[in-house]
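*Asks:* File follows, input-v5.cif with mmCIF, C-alpha atoms and all ligand atoms:
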data_target
loop_
_atom_site.label_atom_id
_atom_site.label_comp_id
_atom_site.auth_asym_id
_atom_site.auth_seq_id
_atom_site.Cartn_x
_atom_site.Cartn_y
_atom_site.Cartn_z
CA MET A 1 62.81 34.47 0.94
CA SER A 2 60.18 32.43 2.80
CA LEU A 3 58.19 35.64 3.31
CA GLN A 4 57.78 35.98 -0.44
CA LEU A 5 55.84 32.72 -0.38
CA LEU A 6 53.04 34.19 1.67
CA PRO A 7 51.25 36.17 -1.07
CA LEU A 8 51.51 33.13 -3.35
CA ILE A 9 50.05 30.90 -0.63
CA GLN A 10 47.23 33.39 -0.17
CA GLN A 11 46.53 33.30 -3.91
CA GLY A 12 46.09 29.54 -3.77
CA ASN A 13 49.43 28.50 -5.24
CA THR A 14 49.78 24.95 -3.92
CA ARG A 15 53.46 24.66 -4.84
CA ALA A 16 54.14 27.67 -2.64
CA LEU A 17 52.04 26.10 0.10
CA ALA A 18 53.95 22.82 -0.17
CA ARG A 19 57.22 24.76 -0.01
CA GLY A 20 55.99 26.73 3.00
CA ILE A 21 55.02 23.53 4.80
CA SER A 22 58.47 22.04 4.16
CA ILE A 23 60.13 25.20 5.45
CA VAL A 24 58.10 25.07 8.65
CA GLU A 25 58.40 21.31 9.02
CA ASN A 26 62.18 21.40 8.75
CA GLU A 27 62.62 24.70 10.58
CA ILE A 28 64.48 26.14 7.61
CA PRO A 29 65.74 29.66 8.46
CA GLY A 30 62.96 32.15 7.82
CA TYR A 31 60.22 29.82 9.03
CA GLU A 32 59.51 31.92 12.12
CA GLU A 33 59.18 35.11 10.04
CA LEU A 34 56.76 33.30 7.77
CA LEU A 35 54.62 32.18 10.70
CA ARG A 36 54.70 35.63 12.29
CA ALA A 37 53.50 37.20 9.05
CA LEU A 38 50.40 35.00 8.80
CA PRO A 39 47.20 37.04 8.74
CA SER A 40 44.33 36.09 11.02
CA SER A 41 41.98 33.66 9.34
CA ALA A 42 38.38 32.65 9.88
CA THR A 43 38.70 29.28 8.12
CA LYS A 44 37.52 26.57 10.45
CA ILE A 45 39.26 23.27 10.95
CA ILE A 46 37.45 19.96 11.13
CA GLY A 47 39.41 17.38 13.11
CA ILE A 48 38.71 13.68 12.60
CA THR A 49 40.19 11.41 15.21
CA GLY A 50 39.76 7.82 16.34
CA PRO A 51 41.60 4.50 16.47
CA PRO A 52 43.48 3.14 13.43
CA GLY A 53 41.15 1.43 10.98
CA ALA A 54 37.99 3.12 12.29
CA GLY A 55 37.39 4.68 8.88
CA LYS A 56 38.71 8.21 9.38
CA SER A 57 40.24 8.44 5.90
CA THR A 58 37.12 6.99 4.31
CA ILE A 59 35.00 9.57 6.14
CA ALA A 60 37.38 12.36 5.10
CA ASP A 61 37.12 11.13 1.53
CA GLY A 62 33.31 11.28 1.71
CA LEU A 63 33.39 14.79 3.17
CA ILE A 64 35.80 15.94 0.46
CA ARG A 65 33.43 14.61 -2.20
CA LEU A 66 30.49 16.54 -0.75
CA MET A 67 32.52 19.71 -0.35
CA VAL A 68 33.87 19.52 -3.91
CA GLU A 69 30.30 19.06 -5.16
CA LEU A 70 29.42 22.27 -3.34
CA GLY A 71 32.27 24.00 -5.15
CA ARG A 72 34.36 24.40 -2.02
CA ARG A 73 38.13 24.29 -1.93
CA VAL A 74 39.42 21.80 0.62
CA GLY A 75 42.77 21.35 2.35
CA ILE A 76 43.50 18.06 4.11
CA LEU A 77 46.26 17.08 6.50
CA CYS A 78 46.67 13.40 7.31
CA VAL A 79 48.83 12.73 10.34
CA ASP A 80 50.01 9.15 10.46
CA PRO A 81 52.49 7.68 12.88
CA SER A 82 55.32 6.39 10.73
CA SER A 83 56.38 3.56 12.97
CA PRO A 84 57.47 0.55 10.89
CA PHE A 85 54.14 -1.06 11.80
CA ASN A 86 52.13 1.75 10.29
CA LEU A 87 53.83 2.57 7.02
CA GLY A 88 51.00 0.73 5.27
CA SER A 89 48.35 3.17 6.44
CA LEU A 90 50.13 6.07 4.79
CA LEU A 91 50.18 4.19 1.51
CA GLY A 92 46.53 3.27 1.98
CA ASP A 93 45.62 6.94 2.34
CA ARG A 94 47.65 7.79 -0.75
CA LEU A 95 45.73 5.24 -2.76
CA ARG A 96 42.30 6.14 -1.41
CA MET A 97 42.86 9.84 -1.68
CA GLY A 98 44.58 9.39 -5.04
CA GLN A 99 41.59 10.56 -7.03
CA TRP A 100 41.84 13.96 -5.35
CA TYR A 101 45.51 14.57 -6.02
CA ASN A 102 44.81 16.02 -9.45
CA ASN A 103 41.76 18.04 -8.42
CA PRO A 104 42.69 21.74 -8.34
CA GLY A 105 40.19 22.36 -5.53
CA VAL A 106 41.74 19.77 -3.22
CA TYR A 107 45.10 19.85 -1.49
CA ILE A 108 46.23 16.80 0.48
CA ARG A 109 49.36 16.54 2.57
CA SER A 110 50.38 13.50 4.62
CA LEU A 111 52.60 14.14 7.61
CA ALA A 112 54.52 11.42 9.36
CA THR A 113 55.11 11.58 13.11
CA ARG A 114 58.62 10.24 12.82
CA GLY A 115 60.80 11.10 15.76
CA SER A 116 58.22 12.30 18.22
CA LEU A 117 57.32 9.58 20.68
CA GLY A 118 53.63 9.15 20.04
CA GLY A 119 51.22 12.03 19.92
CA LEU A 120 50.81 14.43 17.05
CA HIS A 121 53.18 15.76 14.45
CA PRO A 122 55.50 18.26 16.19
CA LYS A 123 54.59 21.03 13.74
CA ILE A 124 50.93 20.28 13.21
CA LEU A 125 49.72 23.56 14.71
CA GLU A 126 52.01 25.66 12.56
CA ILE A 127 51.23 23.70 9.40
CA SER A 128 47.49 23.96 9.96
CA ASP A 129 47.89 27.72 10.40
CA LEU A 130 49.73 27.86 7.07
CA LEU A 131 46.80 26.06 5.48
CA LYS A 132 44.50 28.66 7.00
CA ALA A 133 46.35 31.36 5.06
CA ALA A 134 45.51 29.61 1.77
CA PRO A 135 42.08 30.22 0.23
CA PHE A 136 40.48 26.98 1.42
CA ASP A 137 36.82 26.99 2.40
CA ASN A 138 37.30 23.90 4.54
CA ILE A 139 40.28 22.28 6.24
CA ILE A 140 40.20 18.70 7.47
CA ILE A 141 42.83 17.18 9.73
CA GLU A 142 42.89 13.42 10.26
CA THR A 143 44.78 12.25 13.33
CA VAL A 144 45.09 8.86 14.97
CA GLY A 145 43.65 9.07 18.45
CA VAL A 146 45.74 7.02 20.80
CA GLY A 147 43.88 7.86 23.96
CA GLN A 148 46.54 10.10 25.44
CA SER A 149 46.49 13.14 23.25
CA GLU A 150 42.79 14.03 23.34
CA VAL A 151 43.39 17.58 24.41
CA GLU A 152 46.09 18.02 21.80
CA ILE A 153 43.66 16.90 19.12
CA ALA A 154 40.81 18.99 20.46
CA GLY A 155 43.16 21.96 20.68
CA LEU A 156 43.72 21.75 16.96
CA ALA A 157 40.25 21.79 15.47
CA ASP A 158 37.20 24.01 15.67
CA THR A 159 35.07 20.91 15.33
CA THR A 160 36.37 17.60 16.63
CA ILE A 161 34.76 14.43 15.27
CA VAL A 162 35.56 11.28 17.25
CA VAL A 163 35.11 8.12 15.18
CA VAL A 164 34.31 4.82 16.84
CA VAL A 165 33.21 1.45 15.45
CA PRO A 166 30.85 -1.24 16.83
CA GLU A 167 33.88 -3.30 17.86
CA SER A 168 34.98 -0.53 20.20
CA GLY A 169 31.85 -1.05 22.35
CA ASP A 170 33.79 -2.24 25.38
CA GLU A 171 36.25 0.62 25.14
CA ILE A 172 33.37 3.08 25.28
CA GLN A 173 32.43 1.78 28.72
CA THR A 174 35.88 2.59 30.00
CA MET A 175 36.44 5.62 27.79
CA LYS A 176 37.97 8.41 29.74
CA ALA A 177 35.83 11.42 30.48
CA GLY A 178 38.46 13.37 28.53
CA ILE A 179 37.43 12.01 25.18
CA MET A 180 33.75 12.57 26.00
CA GLU A 181 34.54 16.20 26.68
CA ILE A 182 36.61 16.91 23.59
CA ALA A 183 34.17 15.40 21.09
CA ASP A 184 31.97 17.94 19.38
CA MET A 185 30.31 14.97 17.75
CA PHE A 186 30.68 11.22 17.62
CA VAL A 187 30.54 9.08 14.51
CA VAL A 188 29.67 5.42 14.88
CA ASN A 189 31.17 4.20 11.61
CA LYS A 190 30.85 0.71 10.12
CA ALA A 191 27.17 0.81 11.00
CA ASP A 192 26.77 -2.08 8.57
CA ARG A 193 28.17 -4.23 11.37
CA PRO A 194 26.22 -5.56 14.36
CA GLY A 195 26.15 -3.50 17.52
CA ALA A 196 26.19 -0.03 15.92
CA GLU A 197 22.80 1.07 17.24
CA LEU A 198 23.53 -0.26 20.72
CA LEU A 199 26.85 1.58 20.73
CA ALA A 200 25.17 4.79 19.58
CA GLN A 201 22.62 4.47 22.40
CA ASN A 202 25.32 3.80 24.98
CA LEU A 203 27.25 6.80 23.79
CA ARG A 204 24.21 9.08 23.99
CA HIS A 205 23.57 7.76 27.49
CA ARG A 206 27.13 8.40 28.63
CA LEU A 207 27.11 11.82 27.00
CA THR A 208 24.00 12.92 28.87
CA SER A 209 25.70 11.97 32.13
CA VAL A 210 28.74 14.17 31.48
CA GLN A 211 26.91 17.05 29.83
CA ASP A 212 25.11 20.02 31.17
CA VAL A 213 21.39 19.41 30.64
CA TYR A 214 20.97 22.93 29.30
CA VAL A 215 23.55 22.50 26.58
CA LYS A 216 22.55 21.15 23.20
CA PRO A 217 23.51 17.46 23.13
CA VAL A 218 26.62 16.26 21.31
CA PRO A 219 25.38 14.55 18.13
CA VAL A 220 26.01 10.84 17.66
CA ILE A 221 25.85 9.99 13.96
CA LYS A 222 25.88 6.52 12.45
CA THR A 223 27.72 6.17 9.15
CA ILE A 224 28.75 3.54 6.65
CA ALA A 225 31.60 5.53 5.21
CA SER A 226 32.59 2.84 2.71
CA GLY A 227 29.05 3.06 1.29
CA ASN A 228 28.94 6.85 1.59
CA GLU A 229 25.98 6.62 4.01
CA GLY A 230 25.49 9.21 6.72
CA ILE A 231 28.21 11.53 5.39
CA SER A 232 25.83 14.33 4.41
CA GLN A 233 24.22 14.16 7.88
CA LEU A 234 27.72 14.42 9.31
CA LEU A 235 28.49 17.50 7.20
CA ASP A 236 25.18 19.05 8.31
CA ALA A 237 26.13 18.44 11.94
CA VAL A 238 29.54 20.04 11.33
CA ASN A 239 27.95 23.12 9.75
CA THR A 240 25.47 23.41 12.62
CA HIS A 241 28.26 23.12 15.15
CA GLN A 242 30.42 25.71 13.43
CA ALA A 243 27.53 28.18 13.38
CA SER A 244 26.67 27.62 17.05
CA PRO A 245 27.47 29.91 19.98
CA ARG A 246 29.34 27.01 21.53
CA SER A 247 31.77 27.12 18.64
CA ALA A 248 32.39 30.83 19.24
CA GLU A 249 33.04 30.13 22.92
CA LYS A 250 35.45 27.42 21.98
CA LYS A 251 37.58 29.82 19.97
CA THR A 252 39.31 31.50 22.90
CA TRP A 253 39.86 28.19 24.58
CA LEU A 254 41.32 26.86 21.33
CA LEU A 255 43.77 29.74 21.03
CA ALA A 256 44.81 29.37 24.67
CA GLU A 257 45.36 25.66 24.12
CA LYS A 258 47.48 26.38 21.03
CA ALA A 259 49.45 29.11 22.78
CA TYR A 260 50.17 26.72 25.64
CA ARG A 261 51.55 24.08 23.30
CA LEU A 262 53.64 26.54 21.31
CA VAL A 263 55.16 28.00 24.48
CA GLN A 264 55.80 24.48 25.71
CA ASN A 265 57.54 23.60 22.43
CA ARG A 266 59.69 26.72 22.61
CA ARG A 267 60.77 25.99 26.14
CA MET A 268 61.50 22.34 25.40
CA LYS A 269 63.29 23.15 22.16
CA ASP A 270 66.73 21.88 23.13
CA ILE A 271 65.48 18.85 25.00
CA ASP A 272 65.42 15.51 23.33
CA LYS A 273 64.59 12.17 24.95
CA ILE A 274 67.31 10.23 23.18
CA ASP A 275 69.87 12.80 24.26
CA LEU A 276 68.45 12.73 27.81
CA LYS A 277 68.85 8.98 27.91
CA SER A 278 72.49 9.07 26.87
CA ARG A 279 73.25 11.83 29.36
CA ILE A 280 71.58 9.82 32.11
CA GLN A 281 73.56 6.78 31.09
CA ASP A 282 76.78 8.80 31.50
CA ALA A 283 75.63 10.40 34.73
CA THR A 284 74.63 7.11 36.36
CA ALA A 285 78.11 5.74 35.69
CA ASN A 286 79.18 7.39 38.91
CA ASN A 287 77.41 6.22 42.04
CA ASP A 288 76.08 9.48 43.40
CA PHE A 289 73.50 10.05 40.66
CA ASN A 290 70.58 12.15 41.83
CA LEU A 291 67.70 12.76 39.46
CA TYR A 292 66.82 16.13 41.01
CA ARG A 293 70.32 17.49 40.74
CA PHE A 294 70.36 16.16 37.18
CA VAL A 295 67.19 17.96 36.12
CA ALA A 296 68.19 21.13 37.97
CA GLU A 297 70.71 21.70 35.20
CA TYR A 298 67.92 22.16 32.69
N1 LIG A 301 32.47 -2.51 6.75
C1 LIG A 301 32.87 -1.25 6.68
N2 LIG A 301 34.16 -0.98 6.39
C2 LIG A 301 34.54 0.30 6.33
C3 LIG A 301 33.64 1.37 6.58
N3 LIG A 301 34.32 2.52 6.46
C4 LIG A 301 35.60 2.21 6.19
N4 LIG A 301 35.73 0.87 6.10
C5 LIG A 301 36.96 0.11 5.81
O1 LIG A 301 37.79 0.11 6.96
C6 LIG A 301 39.17 0.09 6.61
C7 LIG A 301 39.92 1.22 7.31
O2 LIG A 301 39.44 2.46 6.82
P1 LIG A 301 40.32 3.78 6.90
O3 LIG A 301 39.46 4.88 6.38
O4 LIG A 301 41.64 3.57 6.27
O5 LIG A 301 40.51 3.93 8.46
P2 LIG A 301 41.46 4.95 9.28
O6 LIG A 301 42.67 4.17 9.69
O7 LIG A 301 40.64 5.32 10.48
O8 LIG A 301 41.77 6.11 8.39
C8 LIG A 301 39.21 0.22 5.10
O9 LIG A 301 39.40 -1.05 4.56
C9 LIG A 301 37.83 0.75 4.74
O10 LIG A 301 37.43 0.39 3.46
C10 LIG A 301 32.27 1.05 6.87
O11 LIG A 301 31.42 1.91 7.10
N5 LIG A 301 31.96 -0.27 6.92
MG MG A 302 43.61 6.98 7.81
#
Translate the structure described by the file into structure tokens.

*Replies:*
Amino acid sequence: MSLQLLPLIQQGNTRALARGISIVENEIPGYEELLRALPSSATKIIGITGPPGAGKSTIADGLIRLMVELGRRVGILCVDPSSPFNLGSLLGDRLRMGQWYNNPGVYIRSLATRGSLGGLHPKILEISDLLKAAPFDNIIIETVGVGQSEVEIAGLADTTIVVVVPESGDEIQTMKAGIMEIADMFVVNKADRPGAELLAQNLRHRLTSVQDVYVKPVPVIKTIASGNEGISQLLDAVNTHQASPRSAEKKTWLLAEKAYRLVQNRRMKDIDKIDLKSRIQDATANNDFNLYRFVAEY
């Protein structure tokens, strides 16, 4: 049944794609067959990550506009944590992206991270691979960077854009080397605010200290996404990156990173933190609780 969706997805039928995503998201029987039938795809994924409010959705919106002007078909995944504090951001994206919902060349899907404790959507890899089976020329994934899942985010996209704002100047000083390494490019958004140039300079300085001098430097691009400034430079940088030898080298690493996470998910399949907590509660009721004996059962 789910296998019959694949040719429709490949033809660009967005209802079939939406159905396929739901099947994968909810692990409806047949979802594994569907994933195993996916053909290899050369469509590259652009990942946009950064703190909430940095302007990721506004940047995505600007990129979509440029891509649509170029006649490209674009698929977008927005991953938003659906904690009660963040429900608003999902609605905000709906409104901002609203103009694209009726454009036949644009497919937008918001995914909530309900249930998983922080980090990315549990099925983000699989869903992005489904998108790669559809005839999109570009795929954009927006994720909220929370400082702990850098590698997860980098392991998702062929080109990872890290968005920062002038207000995050102090954070840059203490930014972990991890985030410096995963960024294929930095965007200093809200460049209409004071401190953007200084931040861009600091970033370039820090980048040269972590980078090999022989490697082409990681671009740092200033944008005013709300005014659509700097977005075409950003798209140029993305295209340059995707055509570079570095991008080809990244491909194997990317697949290894994805394989690692998928194997990890498979092995952890029956393990759930809430369930763990209640089992521990029961187990600690008797006095000889030992954590190592407890985990040995898994
Ligand atoms: N001043 C200014 N505001 C911006 C800029 N880009 C986005 N914003 C605003 O910042 C807020 C958060 O943007 P949004 O794209 O939702 O951020 P996200 O949470 O990272 O997706 C919105 O009110 C935007 O209109 C910019 O370049 N300058
Ligand atoms: Mg957003």

*Asks:* Enclose region 61-64 of chain A, meaning all of its atoms listed in the file, in a box aligned along x, y and z, pad it by 4 Å on each side, and list the centre and edge lengths in Å to one decimal, as JSON.

*Replies:*
{"center_x": 35.2, "center_y": 13.5, "center_z": 1.8, "size_x": 11.8, "size_y": 12.8, "size_z": 10.7}

*Asks:* Smallest atom-to-atom distance to ligand LIG 301 (chain A): which of A:Ala200, A:Val220, A:Ala54, A:Ile23, using only C-alpha atoms and all ligand atoms?

*Replies:*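 Once distances to ligand LIG 301 (chain A) are computed over only C-alpha atoms and all ligand atoms, the minimum belongs to A:Ala54.
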
*Asks:* Can you list every residue of chain A that has an atom at most 8 Å from ligand LIG 301 (chain A), with its nearest atom pair and the distance in Å to one decimal, using all atoms listed in the file, ordered by chain then number, as CSV?

*Replies:*
residue,atom,partner,partner_atom,distance
A:Thr49,CA,A:LIG301,O7,7.7
A:Gly50,CA,A:LIG301,O7,6.4
A:Pro51,CA,A:LIG301,O7,6.1
A:Pro52,CA,A:LIG301,O6,4.0
A:Gly53,CA,A:LIG301,O6,3.4
A:Ala54,CA,A:LIG301,O7,3.9
A:Gly55,CA,A:LIG301,O5,3.2
A:Lys56,CA,A:LIG301,O7,3.6
A:Ser57,CA,A:LIG301,O3,3.7
A:Thr58,CA,A:LIG301,O3,3.8
A:Ile59,CA,A:LIG301,O3,6.5
A:Ala60,CA,A:LIG301,O3,7.9
A:Ser89,CA,A:LIG301,O6,6.6
A:Gly92,CA,A:LIG301,O4,6.5
A:Asp93,CA,A:LIG301,O4,6.5
A:Glu142,CA,A:LIG301,O8,7.6
A:Val144,CA,A:LIG301,O7,7.2
A:Val163,CA,A:LIG301,O7,7.8
A:Asn189,CA,A:LIG301,O11,5.1
A:Lys190,CA,A:LIG301,O11,3.3
A:Ala191,CA,A:LIG301,O11,5.9
A:Asp192,CA,A:LIG301,N5,5.7
A:Arg193,CA,A:LIG301,N1,6.5
A:Thr223,CA,A:LIG301,O11,6.0
A:Ile224,CA,A:LIG301,O11,3.2
A:Ala225,CA,A:LIG301,O11,4.1
A:Ser226,CA,A:LIG301,N3,4.1
A:Gly227,CA,A:LIG301,O11,6.4
A:Asn228,CA,A:LIG301,O11,7.8
A:Glu229,CA,A:LIG301,O11,7.8

*Asks:* Between CA of Asp129 (chain A) and CA of Ala237 (chain A), what is the distance in Å, rounded to a tenth?

*Replies:* 23.7 Å

*Asks:* Check the smallest atom-to-atom distance from each of A:Ala183, A:Ala112, A:Ala154, A:Leu203 to ligand MG 302 (chain A) using only C-alpha atoms and all ligand atoms, then report the winner.

*Replies:*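 That would be A:Ala112, the residue with the smallest distance to ligand MG 302 (chain A).
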
*Asks:* Find the distance between CA of Asp184 (chain A) and CA of Lys222 (chain A) and write it in Å to one decimal.

*Replies:*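 So the answer is 14.7 Å.
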
*Asks:* Nearest to Asn202 (chain A): which of A:Ser110, A:Ser168, A:Ser128, A:Gln281 is it, counting all atoms listed in the file?

*Replies:* A:Ser168

*Asks:* For each of A:Asn26, A:Asn265, A:Thr143, A:Asn287, take the minimum atom-to-atom distance to ligand MG 302 (chain A), counting all atoms listed in the file, then give the residue where this is smallest.

*Replies:*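 Nearest candidate to ligand MG 302 (chain A) out of A:Asn26, A:Asn265, A:Thr143, A:Asn287: A:Thr143.
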
*Asks:* For a test of reading the model, state the distance in Å between CA of Leu255 (chain A) and CA of His121 (chain A), rounded to one decimal.

*Replies:*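 Those two atoms sit 18.1 Å apart.
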
*Asks:* Which one is closest to ligand MG 302 (chain A): A:Glu27, A:Asp61, A:Glu181, A:Glu197? Count only C-alpha atoms and all ligand atoms.

*Replies:*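 Using only C-alpha atoms and all ligand atoms, ligand MG 302 (chain A) sits closest to A:Asp61.
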
*Asks:* Counting only C-alpha atoms, find residues at most 6 Å from (48.8, 13.2, 5.0) (file frame) and give them as a list in words.

*Replies:*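 All residues meeting the 6 Å criterion around (48.8, 13.2, 5.0) are Leu77, Cys78, Val79, Arg109, Ser110 and Leu111 of chain A.
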
*Asks:* Could you save those same residues with C-alpha atoms as a PDB file, keeping the file's coordinate frame?

*Replies:*
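Result file selection.pdb:
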ATOM      1  CA  LEU A  77      46.260  17.080   6.500  1.00  0.00           C
ATOM      2  CA  CYS A  78      46.670  13.400   7.310  1.00  0.00           C
ATOM      3  CA  VAL A  79      48.830  12.730  10.340  1.00  0.00           C
ATOM      4  CA  ARG A 109      49.360  16.540   2.570  1.00  0.00           C
ATOM      5  CA  SER A 110      50.380  13.500   4.620  1.00  0.00           C
ATOM      6  CA  LEU A 111      52.600  14.140   7.610  1.00  0.00           C
TER       7      LEU A 111
END

*Asks:* Looking at all atoms listed in the file, which of A:Met67, A:Ile140, A:Ile231, A:Leu156 is the one that sits closest to Trp253 (chain A)?

*Replies:*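 Under the stated criterion, the closest residue is A:Leu156.
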
*Asks:* Which polymer residues, protein or nucleic acid, are no farther than 8 Å from (53.3, 30.2, 12.8), counting all atoms listed in the file, as a PyMOL selection string?

*Replies:* chain A and resi 31-32+34-38+125-127+129-130

*Asks:* Residues at most 12 Å from Leu70 (chain A), counting all atoms listed in the file, excluding those fewer than 6 positions away in the same chain, as number ranges by chain?

*Replies:* A: 63-64, 105, 137-138, 232, 235
